[in-house]
>>> print(open('structure.cif').read())   # mmCIF, C-alpha atoms
data_upload
loop_
_atom_site.group_PDB
_atom_site.id
_atom_site.type_symbol
_atom_site.label_atom_id
_atom_site.label_comp_id
_atom_site.auth_asym_id
_atom_site.auth_seq_id
_atom_site.Cartn_x
_atom_site.Cartn_y
_atom_site.Cartn_z
ATOM 1 C CA MET A 1 0.000 0.000 0.000
ATOM 2 C CA PRO A 2 1.486 3.371 -0.981
ATOM 3 C CA ASP A 3 1.980 5.822 1.838
ATOM 4 C CA ALA A 4 -0.086 8.970 2.249
ATOM 5 C CA GLU A 5 2.619 11.176 0.733
ATOM 6 C CA ASN A 6 1.863 9.738 -2.699
ATOM 7 C CA ASP A 7 -1.676 11.142 -2.538
ATOM 8 C CA THR A 8 -0.322 14.672 -2.904
ATOM 9 C CA HIS A 9 1.308 14.259 -6.316
ATOM 10 C CA ASP A 10 0.114 16.585 -9.064
ATOM 11 C CA MET A 11 -0.848 14.194 -11.850
ATOM 12 C CA ASN A 12 -0.442 16.888 -14.505
ATOM 13 C CA ASP A 13 3.302 16.740 -13.909
ATOM 14 C CA ALA A 14 4.983 13.891 -15.824
ATOM 15 C CA ASP A 15 7.900 13.801 -13.358
ATOM 16 C CA ASP A 16 5.449 13.251 -10.505
ATOM 17 C CA VAL A 17 3.855 10.346 -12.388
ATOM 18 C CA ASP A 18 7.279 8.697 -12.634
ATOM 19 C CA ALA A 19 7.889 9.290 -8.934
ATOM 20 C CA VAL A 20 4.805 7.395 -7.704
ATOM 21 C CA GLU A 21 5.678 4.186 -5.894
ATOM 22 C CA PRO A 22 4.040 1.187 -7.628
ATOM 23 C CA TRP A 23 1.946 -1.286 -5.698
ATOM 24 C CA ASP A 24 3.094 -4.869 -5.265
ATOM 25 C CA ALA A 25 1.556 -6.178 -8.464
ATOM 26 C CA PRO A 26 2.765 -6.830 -12.022
ATOM 27 C CA GLY A 27 3.062 -3.973 -14.465
ATOM 28 C CA PRO A 28 3.242 -0.193 -14.076
ATOM 29 C CA LEU A 29 0.449 0.986 -11.798
ATOM 30 C CA GLU A 30 0.804 4.767 -11.911
ATOM 31 C CA PRO A 31 -0.897 7.229 -12.008
ATOM 32 C CA ARG A 32 -2.587 7.012 -8.628
ATOM 33 C CA VAL A 33 -5.670 8.897 -9.868
ATOM 34 C CA LEU A 34 -6.933 10.021 -13.231
ATOM 35 C CA PRO A 35 -5.511 13.403 -14.261
ATOM 36 C CA GLU A 36 -7.350 16.690 -14.140
ATOM 37 C CA GLY A 37 -8.036 19.057 -17.004
ATOM 38 C CA ALA A 38 -7.061 18.463 -20.614
ATOM 39 C CA GLN A 39 -5.054 15.312 -19.847
ATOM 40 C CA ALA A 40 -8.242 13.607 -18.643
ATOM 41 C CA ASP A 41 -9.880 13.855 -22.073
ATOM 42 C CA PRO A 42 -7.705 11.374 -24.036
ATOM 43 C CA VAL A 43 -7.792 8.912 -21.107
ATOM 44 C CA THR A 44 -11.588 8.907 -21.121
ATOM 45 C CA ALA A 45 -11.741 8.807 -24.935
ATOM 46 C CA ALA A 46 -9.345 5.847 -24.967
ATOM 47 C CA LEU A 47 -11.465 3.930 -22.445
ATOM 48 C CA LEU A 48 -14.534 4.539 -24.613
ATOM 49 C CA MET A 49 -12.634 3.217 -27.645
ATOM 50 C CA LEU A 50 -11.840 0.013 -25.793
ATOM 51 C CA ARG A 51 -15.475 -0.418 -24.785
ATOM 52 C CA ARG A 52 -16.541 -0.102 -28.434
ATOM 53 C CA TYR A 53 -14.224 -2.875 -29.621
ATOM 54 C CA GLY A 54 -13.157 -4.912 -26.571
ATOM 55 C CA GLY A 55 -16.193 -7.166 -26.011
ATOM 56 C CA LEU A 56 -15.454 -9.558 -28.868
ATOM 57 C CA LEU A 57 -15.278 -12.719 -26.706
ATOM 58 C CA GLU A 58 -17.906 -11.649 -24.142
ATOM 59 C CA PRO A 59 -20.130 -13.228 -22.904
ATOM 60 C CA PRO A 60 -18.486 -16.626 -22.376
ATOM 61 C CA ALA A 61 -18.599 -18.910 -25.390
ATOM 62 C CA ALA A 62 -16.381 -21.787 -26.426
ATOM 63 C CA SER A 63 -13.703 -20.643 -28.843
ATOM 64 C CA PRO A 64 -10.089 -21.378 -29.768
ATOM 65 C CA TRP A 65 -9.135 -18.405 -27.563
ATOM 66 C CA TYR A 66 -10.852 -19.581 -24.389
ATOM 67 C CA GLY A 67 -8.347 -19.117 -21.571
ATOM 68 C CA ALA A 68 -5.603 -16.509 -21.380
ATOM 69 C CA VAL A 69 -6.635 -14.588 -24.506
ATOM 70 C CA ARG A 70 -10.292 -14.360 -23.556
ATOM 71 C CA ASP A 71 -9.394 -13.512 -19.950
ATOM 72 C CA GLY A 72 -7.107 -10.676 -21.060
ATOM 73 C CA MET A 73 -9.599 -9.281 -23.549
ATOM 74 C CA CYS A 74 -12.644 -9.486 -21.265
ATOM 75 C CA GLY A 75 -10.723 -8.180 -18.255
ATOM 76 C CA ALA A 76 -9.516 -5.153 -20.186
ATOM 77 C CA HIS A 77 -13.004 -4.488 -21.561
ATOM 78 C CA GLY A 78 -14.686 -4.860 -18.179
ATOM 79 C CA LEU A 79 -12.189 -2.676 -16.352
ATOM 80 C CA ALA A 80 -12.657 0.114 -18.893
ATOM 81 C CA GLY A 81 -16.386 0.064 -18.154
ATOM 82 C CA ALA A 82 -15.772 0.166 -14.409
ATOM 83 C CA MET A 83 -13.433 3.142 -14.755
ATOM 84 C CA LEU A 84 -15.981 5.034 -16.835
ATOM 85 C CA ARG A 85 -18.744 4.281 -14.335
ATOM 86 C CA PHE A 86 -16.943 4.739 -11.046
ATOM 87 C CA GLY A 87 -13.605 6.479 -11.662
ATOM 88 C CA TYR A 88 -10.042 5.599 -10.719
ATOM 89 C CA GLY A 89 -8.758 5.962 -7.171
ATOM 90 C CA GLU A 90 -9.400 4.562 -3.708
ATOM 91 C CA GLY A 91 -13.138 5.183 -3.203
ATOM 92 C CA ASP A 92 -15.553 2.371 -2.408
ATOM 93 C CA ASP A 93 -16.429 1.610 -6.037
ATOM 94 C CA GLU A 94 -13.431 3.145 -7.778
ATOM 95 C CA VAL A 95 -10.944 1.104 -9.780
ATOM 96 C CA GLU A 96 -7.701 0.895 -7.834
ATOM 97 C CA PRO A 97 -4.278 1.131 -9.485
ATOM 98 C CA TYR A 98 -3.277 -2.474 -8.802
ATOM 99 C CA GLN A 99 -6.275 -3.645 -10.876
ATOM 100 C CA VAL A 100 -4.934 -1.771 -13.890
ATOM 101 C CA GLY A 101 -1.547 -3.397 -13.343
ATOM 102 C CA PHE A 102 -2.995 -6.887 -13.356
ATOM 103 C CA VAL A 103 -5.033 -6.239 -16.497
ATOM 104 C CA ARG A 104 -1.996 -4.813 -18.307
ATOM 105 C CA GLN A 105 -0.072 -7.959 -17.395
ATOM 106 C CA ASP A 106 -2.946 -10.214 -18.515
ATOM 107 C CA VAL A 107 -3.069 -8.494 -21.908
ATOM 108 C CA ALA A 108 0.707 -8.786 -22.319
ATOM 109 C CA ASP A 109 0.550 -12.493 -21.409
ATOM 110 C CA ALA A 110 -2.266 -13.096 -23.910
ATOM 111 C CA LEU A 111 -0.328 -11.492 -26.755
ATOM 112 C CA GLN A 112 2.757 -13.504 -25.815
ATOM 113 C CA GLU A 113 0.797 -16.764 -25.795
ATOM 114 C CA ILE A 114 -0.499 -16.023 -29.302
ATOM 115 C CA ALA A 115 3.058 -15.220 -30.441
ATOM 116 C CA ASP A 116 4.264 -18.503 -28.884
ATOM 117 C CA GLY A 117 1.668 -20.509 -30.815
ATOM 118 C CA ALA A 118 -0.579 -21.490 -27.907
ATOM 119 C CA PHE A 119 -3.578 -19.908 -29.679
ATOM 120 C CA PRO A 120 -4.446 -19.409 -33.360
ATOM 121 C CA ARG A 121 -3.436 -16.216 -35.084
ATOM 122 C CA ASP A 122 -6.195 -13.873 -36.215
ATOM 123 C CA GLU A 123 -5.790 -10.210 -37.077
ATOM 124 C CA THR A 124 -9.012 -9.032 -35.402
ATOM 125 C CA VAL A 125 -8.319 -10.789 -32.105
ATOM 126 C CA GLU A 126 -4.761 -9.484 -32.027
ATOM 127 C CA LEU A 127 -5.838 -5.940 -32.960
ATOM 128 C CA VAL A 128 -8.318 -5.858 -30.065
ATOM 129 C CA LEU A 129 -5.631 -7.044 -27.651
ATOM 130 C CA GLU A 130 -3.161 -4.480 -28.998
ATOM 131 C CA LEU A 131 -5.825 -1.790 -28.577
ATOM 132 C CA ALA A 132 -6.337 -2.866 -24.958
ATOM 133 C CA ARG A 133 -2.610 -2.640 -24.309
ATOM 134 C CA ALA A 134 -2.414 0.817 -25.899
ATOM 135 C CA VAL A 135 -5.419 2.084 -23.908
ATOM 136 C CA TYR A 136 -3.933 1.048 -20.576
ATOM 137 C CA ASP A 137 -0.656 2.625 -21.626
ATOM 138 C CA VAL A 138 -2.679 5.858 -21.932
ATOM 139 C CA VAL A 139 -4.049 5.317 -18.420
ATOM 140 C CA ALA A 140 -0.565 4.689 -17.035
ATOM 141 C CA ALA A 141 1.088 7.674 -18.763
ATOM 142 C CA PRO A 142 -1.603 10.285 -19.469
ATOM 143 C CA GLY A 143 0.941 13.022 -20.155
ATOM 144 C CA ASP A 144 2.480 11.150 -23.109
ATOM 145 C CA PRO A 145 0.601 11.664 -26.415
ATOM 146 C CA ALA A 146 2.203 8.653 -28.138
ATOM 147 C CA PRO A 147 0.068 5.928 -26.469
ATOM 148 C CA PHE A 148 -3.135 7.812 -27.317
ATOM 149 C CA ASP A 149 -2.061 8.185 -30.951
ATOM 150 C CA ALA A 150 -1.280 4.450 -31.055
ATOM 151 C CA ALA A 151 -4.684 3.589 -29.585
ATOM 152 C CA CYS A 152 -6.434 5.828 -32.128
ATOM 153 C CA ALA A 153 -4.639 4.172 -35.042
ATOM 154 C CA LEU A 154 -5.650 0.692 -33.825
ATOM 155 C CA ALA A 155 -9.262 1.742 -33.221
ATOM 156 C CA ASP A 156 -9.412 3.220 -36.721
ATOM 157 C CA ARG A 157 -8.331 -0.131 -38.184
ATOM 158 C CA LEU A 158 -11.193 -1.806 -36.315
ATOM 159 C CA GLY A 159 -13.902 0.828 -36.829
ATOM 160 C CA GLY A 160 -12.893 2.948 -39.810
ATOM 161 C CA GLU A 161 -14.718 6.197 -40.501
ATOM 162 C CA GLN A 162 -17.400 5.431 -37.923
ATOM 163 C CA GLU A 163 -14.736 5.229 -35.226
ATOM 164 C CA ARG A 164 -13.149 8.516 -36.270
ATOM 165 C CA ALA A 165 -16.565 10.194 -36.051
ATOM 166 C CA SER A 166 -17.292 8.633 -32.646
ATOM 167 C CA ARG A 167 -13.928 9.682 -31.244
ATOM 168 C CA SER A 168 -14.307 13.232 -32.556
ATOM 169 C CA ARG A 169 -17.721 13.448 -30.900
ATOM 170 C CA ASP A 170 -16.329 12.107 -27.601
ATOM 171 C CA LEU A 171 -13.396 14.528 -27.504
ATOM 172 C CA ALA A 172 -15.649 17.475 -28.366
ATOM 173 C CA GLU A 173 -18.105 16.531 -25.611
ATOM 174 C CA LEU A 174 -15.320 16.112 -23.052
ATOM 175 C CA ALA A 175 -13.716 19.433 -23.997
ATOM 176 C CA ALA A 176 -17.084 21.230 -23.799
ATOM 177 C CA ALA A 177 -17.747 19.854 -20.309
ATOM 178 C CA ARG A 178 -14.321 20.952 -19.137
ATOM 179 C CA ALA A 179 -14.736 24.433 -20.659
ATOM 180 C CA GLU A 180 -18.079 24.825 -18.870
ATOM 181 C CA GLY A 181 -16.617 23.717 -15.556
ATOM 182 C CA ARG A 182 -18.767 20.602 -15.240
ATOM 183 C CA THR A 183 -17.999 16.895 -15.002
ATOM 184 C CA ALA A 184 -18.554 14.948 -18.200
ATOM 185 C CA ASP A 185 -21.308 12.324 -17.978
ATOM 186 C CA THR A 186 -19.128 9.324 -18.833
ATOM 187 C CA LEU A 187 -21.906 6.891 -17.901
ATOM 188 C CA ALA A 188 -24.189 8.400 -20.551
ATOM 189 C CA MET A 189 -21.330 8.294 -23.054
ATOM 190 C CA LEU A 190 -20.726 4.647 -22.207
ATOM 191 C CA GLU A 191 -24.394 3.721 -22.565
ATOM 192 C CA ARG A 192 -24.561 5.529 -25.913
ATOM 193 C CA ASP A 193 -21.836 3.227 -27.244
ATOM 194 C CA GLU A 194 -23.394 -0.071 -26.110
ATOM 195 C CA ALA A 195 -25.279 -0.733 -29.361
ATOM 196 C CA CYS A 196 -22.167 0.094 -31.393
ATOM 197 C CA ALA A 197 -20.087 -2.248 -29.241
ATOM 198 C CA ARG A 198 -22.567 -5.121 -29.582
ATOM 199 C CA ALA A 199 -22.822 -4.632 -33.347
ATOM 200 C CA PHE A 200 -19.032 -4.740 -33.691
ATOM 201 C CA ALA A 201 -18.772 -7.890 -31.556
ATOM 202 C CA ASP A 202 -21.482 -9.640 -33.582
ATOM 203 C CA ARG A 203 -19.934 -8.621 -36.900
ATOM 204 C CA ALA A 204 -16.434 -9.646 -35.822
ATOM 205 C CA GLY A 205 -17.742 -12.965 -34.478
ATOM 206 C CA ASP A 206 -19.437 -13.709 -37.785
ATOM 207 C CA ASP A 207 -16.195 -12.908 -39.615
ATOM 208 C CA LEU A 208 -14.260 -15.270 -37.338
ATOM 209 C CA ARG A 209 -16.732 -18.075 -38.078
ATOM 210 C CA ARG A 210 -16.393 -17.461 -41.823
ATOM 211 C CA ARG A 211 -12.637 -17.797 -41.446
ATOM 212 C CA GLY A 212 -13.123 -21.221 -39.852
ATOM 213 C CA HIS A 213 -12.810 -20.356 -36.148
ATOM 214 C CA ARG A 214 -15.301 -21.989 -33.814
ATOM 215 C CA LEU A 215 -17.249 -19.576 -31.625
ATOM 216 C CA GLY A 216 -19.882 -21.488 -29.687
ATOM 217 C CA ALA A 217 -23.316 -20.288 -28.644
ATOM 218 C CA VAL A 218 -23.846 -19.045 -25.108
ATOM 219 C CA LEU A 219 -25.711 -21.316 -22.702
ATOM 220 C CA ALA A 220 -29.064 -19.599 -22.132
ATOM 221 C CA GLY A 221 -30.694 -21.668 -19.384
ATOM 222 C CA LEU A 222 -30.763 -24.815 -17.262
ATOM 223 C CA PRO A 223 -33.681 -27.091 -16.266
ATOM 224 C CA MET A 224 -33.295 -26.351 -12.549
ATOM 225 C CA PRO A 225 -33.430 -23.227 -10.370
ATOM 226 C CA VAL A 226 -30.324 -21.144 -10.989
ATOM 227 C CA SER A 227 -29.319 -17.587 -10.133
ATOM 228 C CA GLU A 228 -27.641 -15.276 -12.624
ATOM 229 C CA ASP A 229 -24.314 -15.848 -10.862
ATOM 230 C CA GLY A 230 -24.885 -19.599 -11.022
ATOM 231 C CA LEU A 231 -25.667 -19.438 -14.718
ATOM 232 C CA ASP A 232 -22.504 -17.418 -15.328
ATOM 233 C CA LEU A 233 -20.422 -20.091 -13.577
ATOM 234 C CA VAL A 234 -21.997 -22.885 -15.612
ATOM 235 C CA ARG A 235 -21.552 -20.890 -18.808
ATOM 236 C CA GLU A 236 -17.846 -20.668 -18.079
ATOM 237 C CA ILE A 237 -17.666 -24.445 -17.614
ATOM 238 C CA ALA A 238 -19.627 -25.036 -20.827
ATOM 239 C CA ALA A 239 -17.273 -22.725 -22.728
ATOM 240 C CA ALA A 240 -14.225 -24.485 -21.287
ATOM 241 C CA MET A 241 -15.650 -27.910 -22.126
ATOM 242 C CA GLY A 242 -16.363 -26.931 -25.721
ATOM 243 C CA SER A 243 -12.960 -25.330 -26.124
ATOM 244 C CA ARG A 244 -10.960 -28.086 -24.427
ATOM 245 C CA PHE A 245 -12.684 -31.122 -25.944
ATOM 246 C CA GLY A 246 -14.142 -29.758 -29.187
ATOM 247 C CA ILE A 247 -17.687 -30.861 -28.397
ATOM 248 C CA SER A 248 -20.834 -29.062 -29.504
ATOM 249 C CA ASP A 249 -22.639 -26.520 -27.375
ATOM 250 C CA GLU A 250 -25.609 -28.880 -27.215
ATOM 251 C CA GLU A 251 -23.489 -31.729 -25.839
ATOM 252 C CA ALA A 252 -21.863 -29.484 -23.233
ATOM 253 C CA ALA A 253 -25.282 -28.233 -22.099
ATOM 254 C CA THR A 254 -26.621 -31.804 -21.876
ATOM 255 C CA ARG A 255 -23.686 -32.985 -19.763
ATOM 256 C CA LEU A 256 -23.869 -29.978 -17.430
ATOM 257 C CA ALA A 257 -27.650 -30.174 -16.969
ATOM 258 C CA HIS A 258 -27.302 -33.855 -15.995
ATOM 259 C CA TYR A 259 -24.342 -33.283 -13.671
ATOM 260 C CA PHE A 260 -25.861 -30.340 -11.790
ATOM 261 C CA ALA A 261 -29.468 -31.656 -11.842
ATOM 262 C CA SER A 262 -29.689 -32.043 -8.056
ATOM 263 C CA TRP A 263 -27.600 -28.984 -7.118
ATOM 264 C CA ASP A 264 -29.005 -25.763 -5.722
ATOM 265 C CA LEU A 265 -27.419 -23.292 -8.119
ATOM 266 C CA THR A 266 -28.976 -20.358 -6.293
ATOM 267 C CA ASP A 267 -27.060 -21.028 -3.038
ATOM 268 C CA ASP A 268 -24.273 -18.463 -2.759
ATOM 269 C CA SER A 269 -23.757 -18.940 0.993
ATOM 270 C CA GLU A 270 -20.405 -19.970 2.458
ATOM 271 C CA ALA A 271 -19.886 -23.653 1.580
ATOM 272 C CA GLY A 272 -22.972 -23.486 -0.677
ATOM 273 C CA ALA A 273 -23.034 -24.822 -4.231
ATOM 274 C CA LEU A 274 -21.790 -21.642 -5.918
ATOM 275 C CA ASP A 275 -19.006 -21.223 -3.372
ATOM 276 C CA TYR A 276 -17.961 -24.842 -3.945
ATOM 277 C CA ILE A 277 -17.972 -24.472 -7.728
ATOM 278 C CA GLY A 278 -15.786 -21.382 -7.413
ATOM 279 C CA HIS A 279 -12.976 -23.306 -5.718
ATOM 280 C CA GLN A 280 -11.942 -24.899 -9.027
ATOM 281 C CA THR A 281 -11.329 -23.340 -12.414
ATOM 282 C CA PRO A 282 -13.804 -23.804 -15.289
ATOM 283 C CA GLU A 283 -11.157 -25.899 -17.087
ATOM 284 C CA GLU A 284 -10.892 -28.253 -14.103
ATOM 285 C CA TRP A 285 -14.654 -28.614 -13.831
ATOM 286 C CA ALA A 286 -14.926 -29.222 -17.575
ATOM 287 C CA GLY A 287 -12.311 -31.960 -17.492
ATOM 288 C CA SER A 288 -13.739 -33.642 -14.403
ATOM 289 C CA ILE A 289 -17.331 -33.652 -15.670
ATOM 290 C CA TYR A 290 -16.420 -34.740 -19.209
ATOM 291 C CA LEU A 291 -13.927 -37.471 -18.268
ATOM 292 C CA GLY A 292 -15.005 -38.437 -14.732
ATOM 293 C CA LEU A 293 -11.557 -37.684 -13.284
ATOM 294 C CA ASP A 294 -10.520 -35.846 -10.129
ATOM 295 C CA PHE A 295 -9.657 -32.169 -10.410
ATOM 296 C CA HIS A 296 -5.925 -32.755 -9.902
ATOM 297 C CA GLU A 297 -5.916 -35.095 -12.910
ATOM 298 C CA VAL A 298 -7.304 -32.550 -15.372
ATOM 299 C CA GLN A 299 -5.133 -29.494 -14.760
ATOM 300 C CA PRO A 300 -4.735 -27.152 -17.767
ATOM 301 C CA GLY A 301 -1.939 -28.401 -19.990
ATOM 302 C CA THR A 302 -2.338 -32.044 -18.912
ATOM 303 C CA ASP A 303 -2.345 -34.596 -21.757
ATOM 304 C CA LEU A 304 -5.808 -36.158 -21.590
ATOM 305 C CA SER A 305 -5.674 -37.971 -24.930
ATOM 306 C CA GLY A 306 -5.654 -41.440 -23.297
ATOM 307 C CA HIS A 307 -8.945 -40.938 -21.458
ATOM 308 C CA GLU A 308 -12.416 -41.717 -22.759
ATOM 309 C CA PRO A 309 -15.305 -39.364 -21.991
ATOM 310 C CA ARG A 310 -18.174 -40.381 -19.785
ATOM 311 C CA PRO A 311 -21.161 -41.736 -21.735
ATOM 312 C CA LEU A 312 -23.420 -38.940 -22.930
ATOM 313 C CA PRO A 313 -26.477 -38.738 -20.639
ATOM 314 C CA GLU A 314 -29.764 -39.610 -22.296
#
>>> encode(input="structure.cif", output="structure tokens")
Amino acid sequence: MPDAENDTHDMNDADDVDAVEPWDAPGPLEPRVLPEGAQADPVTAALLMLRRYGGLLEPPAASPWYGAVRDGMCGAHGLAGAMLRFGYGEGDDEVEPYQVGFVRQDVADALQEIADGAFPRDETVELVLELARAVYDVVAAPGDPAPFDAACALADRLGGEQERASRSRDLAELAAARAEGRTADTLAMLERDEACARAFADRAGDDLRRRGHRLGAVLAGLPMPVSEDGLDLVREIAAAMGSRFGISDEEAATRLAHYFASWDLTDDSEAGALDYIGHQTPEEWAGSIYLGLDFHEVQPGTDLSGHEPRPLPE
């Protein structure tokens, strides 16, 4: 935890940004708070750019990029939304600097895993990840114009003329708010972009399918009582099962509905069903349910080629 002296730094001063002590987490974590004045405008505009193009692999669906790539992309996209809604600092709902550091590291790891051949290459997926990295470089060094220019160039490749018009509108709205001495309504700006973001994700997903990449459908329901949190957990397991074993979405849903048939997937109490599910990763649950093995036998990266799946429930 940084000491109180760091709270007094003027974030408009680049030397002060460099002087901030980082938290004990991977990646650069400065600045401590979002900058004031004109420097705040490109940071906010960059976060809006990431929200327009970062939701490609959300919500969970089986794909060749399930795992580190999806985690990096969805984490970067989600954090941008949180920063636009709640701000960046140490308030109750604000995004804290260490969270930015972890997301920056996750994005870097995802790009490295693609470069190392652990995931298939695809220009759109890599462009979105590069955009996420550039946006959080803007957050980390708001006084440097180069990261913002890099983010703009990447966003233009993804969104073309529509993106240039959206960004121009955003910057004009932010500048007008600052000139009038009021706080820009970033939540309204975020909500205005939601339809654009969904349309891009759908269009990019269709393009990936045409290029031969498998993007599974999202599990929509289960034949037993389940909370939204419970459904999210099971969706993650379904996505991991489809990605890890190449089975259809229908088969994954059938296996999961049978396995969890007698579970109370609304119980989020300590030691309840949702708490228990959360103790293992989706990949471990997928392997255990599909093959009937213990969790320690199905760790990510384990060679499971010699094991036969459980019979498909009727």
>>> axis_aligned_box(input="structure.cif", around="range 221-239 of chain A", padding_each_side="4 Å", output="JSON")
{"center_x": -25.5, "center_y": -21.2, "center_z": -16.4, "size_x": 24.4, "size_y": 19.8, "size_z": 20.6}
>>> residues_around(input="structure.cif", residues="range 228-234 of chain A", least_positions_apart="2", cutoff="9 Å", atoms="all atoms listed in the file", output="list in words")
Pro59, Pro60, Leu219, Ala220, Gly221, Leu222, Val226, Glu236, Ile237, Ala238, Ala239, Leu256, Leu265, Thr266, Asp267, Asp268, Ala273, Leu274, Ile277, Gly278 and Pro282 of chain A
>>> resolve_selection(input="structure.cif", expression="the PyMOL selection byres ((chain A and resi 146-150) around 7)", output="MDAnalysis selection string")
chainID A and resid 42 46 134 137:138 144:145 151:154
>>> write_last_selection(input="structure.cif", atoms="C-alpha atoms", output="PDB file, in the coordinates of the input")
ATOM      1  CA  PRO A  42      -7.705  11.374 -24.036  1.00  0.00           C
ATOM      2  CA  ALA A  46      -9.345   5.847 -24.967  1.00  0.00           C
ATOM      3  CA  ALA A 134      -2.414   0.817 -25.899  1.00  0.00           C
ATOM      4  CA  ASP A 137      -0.656   2.625 -21.626  1.00  0.00           C
ATOM      5  CA  VAL A 138      -2.679   5.858 -21.932  1.00  0.00           C
ATOM      6  CA  ASP A 144       2.480  11.150 -23.109  1.00  0.00           C
ATOM      7  CA  PRO A 145       0.601  11.664 -26.415  1.00  0.00           C
ATOM      8  CA  ALA A 151      -4.684   3.589 -29.585  1.00  0.00           C
ATOM      9  CA  CYS A 152      -6.434   5.828 -32.128  1.00  0.00           C
ATOM     10  CA  ALA A 153      -4.639   4.172 -35.042  1.00  0.00           C
ATOM     11  CA  LEU A 154      -5.650   0.692 -33.825  1.00  0.00           C
TER      12      LEU A 154
END
>>> closest_residue(input="structure.cif", among="A:Gly67, A:Gly87, A:Gly181, A:Gly159", to="Arg52 in chain A", atoms="all atoms listed in the file")
A:Gly159
>>> atom_distance(input="structure.cif", atom1="CA of Ala118 in chain A", atom2="CA of Asp303 in chain A")
14.6 Å
>>> resolve_selection(input="structure.cif", expression="the PyMOL selection byres ((chain A and resi 249-252) around 8)", output="PyMOL selection string")
chain A and resi 62+216-219+238+241-242+247-248+253-256+312
>>> write_last_selection(input="structure.cif", atoms="C-alpha atoms", output="PDB file, in the frame of the given file")
ATOM      1  CA  ALA A  62     -16.381 -21.787 -26.426  1.00  0.00           C
ATOM      2  CA  GLY A 216     -19.882 -21.488 -29.687  1.00  0.00           C
ATOM      3  CA  ALA A 217     -23.316 -20.288 -28.644  1.00  0.00           C
ATOM      4  CA  VAL A 218     -23.846 -19.045 -25.108  1.00  0.00           C
ATOM      5  CA  LEU A 219     -25.711 -21.316 -22.702  1.00  0.00           C
ATOM      6  CA  ALA A 238     -19.627 -25.036 -20.827  1.00  0.00           C
ATOM      7  CA  MET A 241     -15.650 -27.910 -22.126  1.00  0.00           C
ATOM      8  CA  GLY A 242     -16.363 -26.931 -25.721  1.00  0.00           C
ATOM      9  CA  ILE A 247     -17.687 -30.861 -28.397  1.00  0.00           C
ATOM     10  CA  SER A 248     -20.834 -29.062 -29.504  1.00  0.00           C
ATOM     11  CA  ALA A 253     -25.282 -28.233 -22.099  1.00  0.00           C
ATOM     12  CA  THR A 254     -26.621 -31.804 -21.876  1.00  0.00           C
ATOM     13  CA  ARG A 255     -23.686 -32.985 -19.763  1.00  0.00           C
ATOM     14  CA  LEU A 256     -23.869 -29.978 -17.430  1.00  0.00           C
ATOM     15  CA  LEU A 312     -23.420 -38.940 -22.930  1.00  0.00           C
TER      16      LEU A 312
END
>>> atom_distance(input="structure.cif", atom1="CA of Asp109 in chain A", atom2="CA of His77 in chain A")
15.7 Å
>>> atom_distance(input="structure.cif", atom1="CA of Ala197 in chain A", atom2="CA of Arg133 in chain A")
18.2 Å
>>> resolve_selection(input="structure.cif", expression="the PyMOL selection byres ((chain A and resi 54) around 8)", output="list of chain:residue names")
A:Leu50, A:Arg51, A:Arg52, A:Tyr53, A:Gly55, A:Leu56, A:Met73, A:Cys74, A:Ala76, A:His77, A:Val128, A:Leu129, A:Ala132, A:Ala197
>>> residues_around(input="structure.cif", residues="Trp65 in chain A", least_positions_apart="6", cutoff="12 Å", atoms="all atoms listed in the file", output="PyMOL selection string")
chain A and resi 56-58+71-74+110-111+113-114+117-122+125-126+129+208+213-216+239-240+242-244
>>> decode(input="structure.cif", residues="range 159-186 of chain A", atoms="C-alpha atoms", output="mmCIF file, in the first residue's frame")
data_model
loop_
_atom_site.group_PDB
_atom_site.id
_atom_site.type_symbol
_atom_site.label_atom_id
_atom_site.label_comp_id
_atom_site.auth_asym_id
_atom_site.auth_seq_id
_atom_site.Cartn_x
_atom_site.Cartn_y
_atom_site.Cartn_z
ATOM 1 C CA GLY A 159 -13.902 0.828 -36.829
ATOM 2 C CA GLY A 160 -12.893 2.948 -39.810
ATOM 3 C CA GLU A 161 -14.718 6.197 -40.501
ATOM 4 C CA GLN A 162 -17.400 5.431 -37.923
ATOM 5 C CA GLU A 163 -14.736 5.229 -35.226
ATOM 6 C CA ARG A 164 -13.149 8.516 -36.270
ATOM 7 C CA ALA A 165 -16.565 10.194 -36.051
ATOM 8 C CA SER A 166 -17.292 8.633 -32.646
ATOM 9 C CA ARG A 167 -13.928 9.682 -31.244
ATOM 10 C CA SER A 168 -14.307 13.232 -32.556
ATOM 11 C CA ARG A 169 -17.721 13.448 -30.900
ATOM 12 C CA ASP A 170 -16.329 12.107 -27.601
ATOM 13 C CA LEU A 171 -13.396 14.528 -27.504
ATOM 14 C CA ALA A 172 -15.649 17.475 -28.366
ATOM 15 C CA GLU A 173 -18.105 16.531 -25.611
ATOM 16 C CA LEU A 174 -15.320 16.112 -23.052
ATOM 17 C CA ALA A 175 -13.716 19.433 -23.997
ATOM 18 C CA ALA A 176 -17.084 21.230 -23.799
ATOM 19 C CA ALA A 177 -17.747 19.854 -20.309
ATOM 20 C CA ARG A 178 -14.321 20.952 -19.137
ATOM 21 C CA ALA A 179 -14.736 24.433 -20.659
ATOM 22 C CA GLU A 180 -18.079 24.825 -18.870
ATOM 23 C CA GLY A 181 -16.617 23.717 -15.556
ATOM 24 C CA ARG A 182 -18.767 20.602 -15.240
ATOM 25 C CA THR A 183 -17.999 16.895 -15.002
ATOM 26 C CA ALA A 184 -18.554 14.948 -18.200
ATOM 27 C CA ASP A 185 -21.308 12.324 -17.978
ATOM 28 C CA THR A 186 -19.128 9.324 -18.833
#
